[in-house]
Amino acid sequence: MKWQGGRQGGGGISDRRGMGGGALAGGGLGVGVLAILGYVFFGIDPATTTQLASQFGGVGSTEAGVEGTPQDQAGQFVDVIGGNVNDVWTAQLMGYQPPTVVLYESGTNTGCGFGQAAMGPFYCPSDRTVYLDLGFWQQMQTQLGASGADFAKAYVIAHEFGHHVQTLMGTSDQVRSAQQRASSEAEGNRYSVALELQADCYAGVWARNAATVSNGQVALEPGDLEEGLRTASAIGDDAIQSRGGGRVSPDSFTHGSSEQRVEWLRRGYQSGDPATCDTFAGL
């Protein structure tokens, strides 16, 4: 993937790396959200995460980080990709406001409770921030069987920005309301799957438009899309449940099957239009 000539300083980076993990915080919705993330990305039992976090106080206080473009290559990659994603959504969505992106190591306080690296990348709607522990890139390869290509990493970043778009558009609130009205856990999970698949589709929309908004400085190269699709497949709920040795249970899916994630990432890329990302039709 071509990216090193891309615009710097547009990713909204707050770098907390080297600051230590802070104090565990949580309880309530934030811990629940992060516990589910731990399950989806690494097969961690949500009860384990919730039990650990509940031993401590309320929602964590905000930690100050170093603002601006990091000096290391991995940090610069996040900054350039994040800035490019912001540029795409600024062109696509009237009134778009970029999220903050926090880089951290091991753990950090968030508006949704205490975030840990084992939970994978996540977006917190309470503080409108994307949280990334960059050690996840290696874990994504070794533990999940995903691609290590730059576009595979960028896809994950763009997916989290997709959740920010959903927050700005009110989609996330609508899903939470629908889940509260759901008659069963399985029905509520279907709304979660639709939300995640839409974020995959939005990642594809970004990828299609990346070169246009950057005059070709951020662009996919031959084979990049395939590496992203490989990663989408690796982090499907069925793939993760199978890898963990458990029974594949579609009713428990929260992010979608491998086939669904591949389909919606590809659909967003092929169209380049967020209007094609209606994953809620039929629910």
# chains A, B, ... in the order shown; residues from 1 in each chain; ligands from 1

call {"tool": "residues_around", "arguments": {"residues": "Cys277 (chain A)", "least_positions_apart": "2", "cutoff": "10 Å", "atoms": "only C-alpha atoms", "output": "PyMOL selection string"}}
result
chain A and resi 194+197-202+204-205+264-265+267-268+271-275+279-281

call {"tool": "residues_around", "arguments": {"residues": "Gly18 (chain A)", "least_positions_apart": "2", "cutoff": "12 Å", "atoms": "only C-alpha atoms", "output": "list in words"}}
result
Asp15, Arg16, Gly20, Gly21, Gly22, Ala64, Gly65, Val66, Leu103, Tyr104, Glu105, Ser106, Gly107, Thr108 and Asp133 of chain A

call {"tool": "write_last_selection", "arguments": {"atoms": "N, CA, C and O atoms", "output": "PDB file, in the first residue's frame"}}
result
ATOM      1  N   ASP A  15      -0.728  10.513  21.677  1.00  0.00           N
ATOM      2  CA  ASP A  15       0.174   9.379  21.891  1.00  0.00           C
ATOM      3  C   ASP A  15       0.428   9.181  23.378  1.00  0.00           C
ATOM      4  O   ASP A  15       1.121   9.961  24.019  1.00  0.00           O
ATOM      5  N   ARG A  16      -0.133   8.111  23.937  1.00  0.00           N
ATOM      6  CA  ARG A  16       0.037   7.789  25.353  1.00  0.00           C
ATOM      7  C   ARG A  16       1.042   6.666  25.575  1.00  0.00           C
ATOM      8  O   ARG A  16       1.193   6.169  26.683  1.00  0.00           O
ATOM      9  N   GLY A  20       2.456   4.150  30.752  1.00  0.00           N
ATOM     10  CA  GLY A  20       1.964   3.177  31.711  1.00  0.00           C
ATOM     11  C   GLY A  20       0.485   2.945  31.506  1.00  0.00           C
ATOM     12  O   GLY A  20      -0.195   3.690  30.807  1.00  0.00           O
ATOM     13  N   GLY A  21      -0.023   1.920  32.169  1.00  0.00           N
ATOM     14  CA  GLY A  21      -1.390   1.489  31.919  1.00  0.00           C
ATOM     15  C   GLY A  21      -2.459   2.243  32.643  1.00  0.00           C
ATOM     16  O   GLY A  21      -3.631   2.102  32.361  1.00  0.00           O
ATOM     17  N   GLY A  22      -2.108   3.060  33.638  1.00  0.00           N
ATOM     18  CA  GLY A  22      -3.147   3.759  34.383  1.00  0.00           C
ATOM     19  C   GLY A  22      -3.892   2.805  35.301  1.00  0.00           C
ATOM     20  O   GLY A  22      -3.513   1.661  35.506  1.00  0.00           O
ATOM     21  N   ALA A  64      -3.646  12.554  29.622  1.00  0.00           N
ATOM     22  CA  ALA A  64      -3.082  13.436  28.608  1.00  0.00           C
ATOM     23  C   ALA A  64      -2.000  12.694  27.836  1.00  0.00           C
ATOM     24  O   ALA A  64      -1.207  11.953  28.410  1.00  0.00           O
ATOM     25  N   GLY A  65      -1.967  12.881  26.535  1.00  0.00           N
ATOM     26  CA  GLY A  65      -0.936  12.284  25.709  1.00  0.00           C
ATOM     27  C   GLY A  65      -0.201  13.345  24.922  1.00  0.00           C
ATOM     28  O   GLY A  65      -0.542  14.531  24.973  1.00  0.00           O
ATOM     29  N   VAL A  66       0.809  12.928  24.185  1.00  0.00           N
ATOM     30  CA  VAL A  66       1.541  13.844  23.320  1.00  0.00           C
ATOM     31  C   VAL A  66       0.743  14.036  22.041  1.00  0.00           C
ATOM     32  O   VAL A  66       0.459  13.072  21.324  1.00  0.00           O
ATOM     33  N   LEU A 103      -3.068   6.380  20.827  1.00  0.00           N
ATOM     34  CA  LEU A 103      -2.129   5.265  20.789  1.00  0.00           C
ATOM     35  C   LEU A 103      -1.712   4.974  22.220  1.00  0.00           C
ATOM     36  O   LEU A 103      -1.380   5.894  22.975  1.00  0.00           O
ATOM     37  N   TYR A 104      -1.733   3.706  22.595  1.00  0.00           N
ATOM     38  CA  TYR A 104      -1.372   3.361  23.970  1.00  0.00           C
ATOM     39  C   TYR A 104      -0.689   2.000  23.993  1.00  0.00           C
ATOM     40  O   TYR A 104      -0.654   1.285  22.983  1.00  0.00           O
ATOM     41  N   GLU A 105      -0.161   1.644  25.141  1.00  0.00           N
ATOM     42  CA  GLU A 105       0.467   0.342  25.339  1.00  0.00           C
ATOM     43  C   GLU A 105      -0.162  -0.339  26.544  1.00  0.00           C
ATOM     44  O   GLU A 105      -0.306   0.272  27.604  1.00  0.00           O
ATOM     45  N   SER A 106      -0.538  -1.579  26.369  1.00  0.00           N
ATOM     46  CA  SER A 106      -1.077  -2.445  27.429  1.00  0.00           C
ATOM     47  C   SER A 106      -2.469  -2.039  27.877  1.00  0.00           C
ATOM     48  O   SER A 106      -3.404  -2.821  27.813  1.00  0.00           O
ATOM     49  N   GLY A 107      -2.635  -0.804  28.369  1.00  0.00           N
ATOM     50  CA  GLY A 107      -3.938  -0.395  28.845  1.00  0.00           C
ATOM     51  C   GLY A 107      -4.022   1.102  29.015  1.00  0.00           C
ATOM     52  O   GLY A 107      -3.007   1.787  29.155  1.00  0.00           O
ATOM     53  N   THR A 108      -5.240   1.621  29.001  1.00  0.00           N
ATOM     54  CA  THR A 108      -5.439   3.057  29.180  1.00  0.00           C
ATOM     55  C   THR A 108      -6.877   3.328  29.593  1.00  0.00           C
ATOM     56  O   THR A 108      -7.788   2.566  29.267  1.00  0.00           O
ATOM     57  N   ASP A 133      -3.702  -0.045  20.398  1.00  0.00           N
ATOM     58  CA  ASP A 133      -2.408  -0.531  20.863  1.00  0.00           C
ATOM     59  C   ASP A 133      -1.755  -1.173  19.647  1.00  0.00           C
ATOM     60  O   ASP A 133      -2.254  -2.167  19.121  1.00  0.00           O
TER      61      ASP A 133
END

call {"tool": "residues_around", "arguments": {"residues": "Glu160 (chain A)", "least_positions_apart": "4", "cutoff": "8 Å", "atoms": "only C-alpha atoms", "output": "NGL selection string"}}
result
:A and (121-123 or 130 or 156 or 164 or 199)

call {"tool": "select_by_dssp", "arguments": {"residues": "region 76-276 of chain A", "states": "alpha helix (DSSP H)", "output": "count of residues only"}}
result
116

call {"tool": "closest_residue", "arguments": {"among": "A:Leu168, A:Phe114, A:Ile13, A:Thr142", "to": "Gly95 (chain A)", "atoms": "only C-alpha atoms"}}
result
A:Leu168

call {"tool": "closest_residue", "arguments": {"among": "A:Glu67, A:Asp87, A:Glu226, A:Asp237", "to": "Thr100 (chain A)", "atoms": "only C-alpha atoms"}}
result
A:Glu67

call {"tool": "closest_residue", "arguments": {"among": "A:Leu144, A:Met119, A:Ala210, A:Ala239", "to": "Val80 (chain A)", "atoms": "only C-alpha atoms"}}
result
A:Ala210

call {"tool": "atom_distance", "arguments": {"atom1": "CA of Arg230 (chain A)", "atom2": "CA of Ser252 (chain A)"}}
result
22.4 Å

call {"tool": "residues_around", "arguments": {"residues": "Glu259 (chain A)", "least_positions_apart": "3", "cutoff": "7 Å", "atoms": "only C-alpha atoms", "output": "list of chain:residue names"}}
result
A:Ser233, A:Val262, A:Glu263

call {"tool": "write_last_selection", "arguments": {"atoms": "N, CA, C and O atoms", "output": "compact mmCIF listing (two decimals), in the first residue's frame"}}
result
# COMPACT_ATOMS: atom_id res chain seq x y z
N SER A 233 -11.89 -12.01 6.68
CA SER A 233 -12.27 -13.41 6.87
C SER A 233 -11.74 -13.96 8.18
O SER A 233 -12.42 -14.69 8.89
N VAL A 262 -16.28 -10.30 4.58
CA VAL A 262 -15.65 -10.18 3.27
C VAL A 262 -16.60 -9.51 2.28
O VAL A 262 -16.21 -8.60 1.53
N GLU A 263 -17.85 -9.94 2.29
CA GLU A 263 -18.84 -9.40 1.35
C GLU A 263 -19.00 -7.89 1.52
O GLU A 263 -19.00 -7.14 0.52

call {"tool": "closest_residue", "arguments": {"among": "A:Arg176, A:Arg243, A:His159, A:Arg190", "to": "Gln143 (chain A)", "atoms": "only C-alpha atoms"}}
result
A:Arg243

call {"tool": "closest_residue", "arguments": {"among": "A:Leu220, A:Cys124, A:Val213, A:Met1", "to": "Val101 (chain A)", "atoms": "only C-alpha atoms"}}
result
A:Cys124

call {"tool": "atom_distance", "arguments": {"atom1": "CA of Asn209 (chain A)", "atom2": "CA of Val85 (chain A)"}}
result
8.9 Å

call {"tool": "residues_around", "arguments": {"residues": "region 184-187 of chain A", "least_positions_apart": "2", "cutoff": "10 Å", "atoms": "only C-alpha atoms", "output": "list in words"}}
result
Ala178, Gln179, Gln180, Arg181, Ala182, Asn189, Arg190, Tyr191, Ser192, Pro250, Asp251, Ser252, Phe253, Thr254 and Leu283 of chain A

call {"tool": "write_last_selection", "arguments": {"atoms": "N, CA and C atoms", "output": "PDB file, in the first residue's frame"}}
result
ATOM      1  N   ALA A 178     -32.920  -0.235  19.410  1.00  0.00           N
ATOM      2  CA  ALA A 178     -33.492  -1.463  18.854  1.00  0.00           C
ATOM      3  C   ALA A 178     -33.114  -2.671  19.705  1.00  0.00           C
ATOM      4  N   GLN A 179     -31.892  -2.678  20.212  1.00  0.00           N
ATOM      5  CA  GLN A 179     -31.472  -3.793  21.053  1.00  0.00           C
ATOM      6  C   GLN A 179     -32.237  -3.820  22.366  1.00  0.00           C
ATOM      7  N   GLN A 180     -32.551  -2.649  22.891  1.00  0.00           N
ATOM      8  CA  GLN A 180     -33.325  -2.600  24.129  1.00  0.00           C
ATOM      9  C   GLN A 180     -34.740  -3.130  23.930  1.00  0.00           C
ATOM     10  N   ARG A 181     -35.246  -2.971  22.708  1.00  0.00           N
ATOM     11  CA  ARG A 181     -36.597  -3.461  22.411  1.00  0.00           C
ATOM     12  C   ARG A 181     -36.594  -4.925  21.969  1.00  0.00           C
ATOM     13  N   ALA A 182     -35.431  -5.475  21.713  1.00  0.00           N
ATOM     14  CA  ALA A 182     -35.341  -6.836  21.176  1.00  0.00           C
ATOM     15  C   ALA A 182     -35.950  -7.849  22.151  1.00  0.00           C
ATOM     16  N   ASN A 189     -28.312  -9.346  19.007  1.00  0.00           N
ATOM     17  CA  ASN A 189     -27.024  -9.593  18.348  1.00  0.00           C
ATOM     18  C   ASN A 189     -27.085  -9.304  16.852  1.00  0.00           C
ATOM     19  N   ARG A 190     -28.238  -9.532  16.246  1.00  0.00           N
ATOM     20  CA  ARG A 190     -28.359  -9.274  14.811  1.00  0.00           C
ATOM     21  C   ARG A 190     -28.171  -7.782  14.500  1.00  0.00           C
ATOM     22  N   TYR A 191     -28.622  -6.931  15.407  1.00  0.00           N
ATOM     23  CA  TYR A 191     -28.391  -5.497  15.218  1.00  0.00           C
ATOM     24  C   TYR A 191     -26.907  -5.164  15.383  1.00  0.00           C
ATOM     25  N   SER A 192     -26.252  -5.826  16.320  1.00  0.00           N
ATOM     26  CA  SER A 192     -24.812  -5.618  16.495  1.00  0.00           C
ATOM     27  C   SER A 192     -24.049  -6.043  15.252  1.00  0.00           C
ATOM     28  N   PRO A 250     -24.226 -19.193  15.438  1.00  0.00           N
ATOM     29  CA  PRO A 250     -24.615 -17.960  14.738  1.00  0.00           C
ATOM     30  C   PRO A 250     -25.428 -16.994  15.589  1.00  0.00           C
ATOM     31  N   ASP A 251     -26.259 -17.508  16.504  1.00  0.00           N
ATOM     32  CA  ASP A 251     -27.069 -16.624  17.337  1.00  0.00           C
ATOM     33  C   ASP A 251     -26.210 -15.763  18.265  1.00  0.00           C
ATOM     34  N   SER A 252     -24.984 -16.201  18.512  1.00  0.00           N
ATOM     35  CA  SER A 252     -24.102 -15.446  19.406  1.00  0.00           C
ATOM     36  C   SER A 252     -23.189 -14.487  18.653  1.00  0.00           C
ATOM     37  N   PHE A 253     -23.255 -14.499  17.334  1.00  0.00           N
ATOM     38  CA  PHE A 253     -22.394 -13.606  16.545  1.00  0.00           C
ATOM     39  C   PHE A 253     -22.708 -12.150  16.880  1.00  0.00           C
ATOM     40  N   THR A 254     -21.648 -11.345  16.989  1.00  0.00           N
ATOM     41  CA  THR A 254     -21.810  -9.910  17.227  1.00  0.00           C
ATOM     42  C   THR A 254     -21.163  -9.068  16.139  1.00  0.00           C
ATOM     43  N   LEU A 283     -33.966  -6.355   8.768  1.00  0.00           N
ATOM     44  CA  LEU A 283     -33.985  -6.631  10.204  1.00  0.00           C
ATOM     45  C   LEU A 283     -35.316  -6.222  10.815  1.00  0.00           C
TER      46      LEU A 283
END

call {"tool": "residues_around", "arguments": {"residues": "Trp137 (chain A)", "least_positions_apart": "6", "cutoff": "12 Å", "atoms": "only C-alpha atoms", "output": "PyMOL selection string"}}
result
chain A and resi 41+74+78+117-118+120-121+143-157+231

call {"tool": "residues_around", "arguments": {"residues": "Gln97 (chain A)", "least_positions_apart": "2", "cutoff": "12 Å", "atoms": "only C-alpha atoms", "output": "PyMOL selection string"}}
result
chain A and resi 10-12+83+85-95+99-100+128-129+161+164-169

call {"tool": "atom_distance", "arguments": {"atom1": "CA of Thr276 (chain A)", "atom2": "CA of Asp224 (chain A)"}}
result
21.8 Å
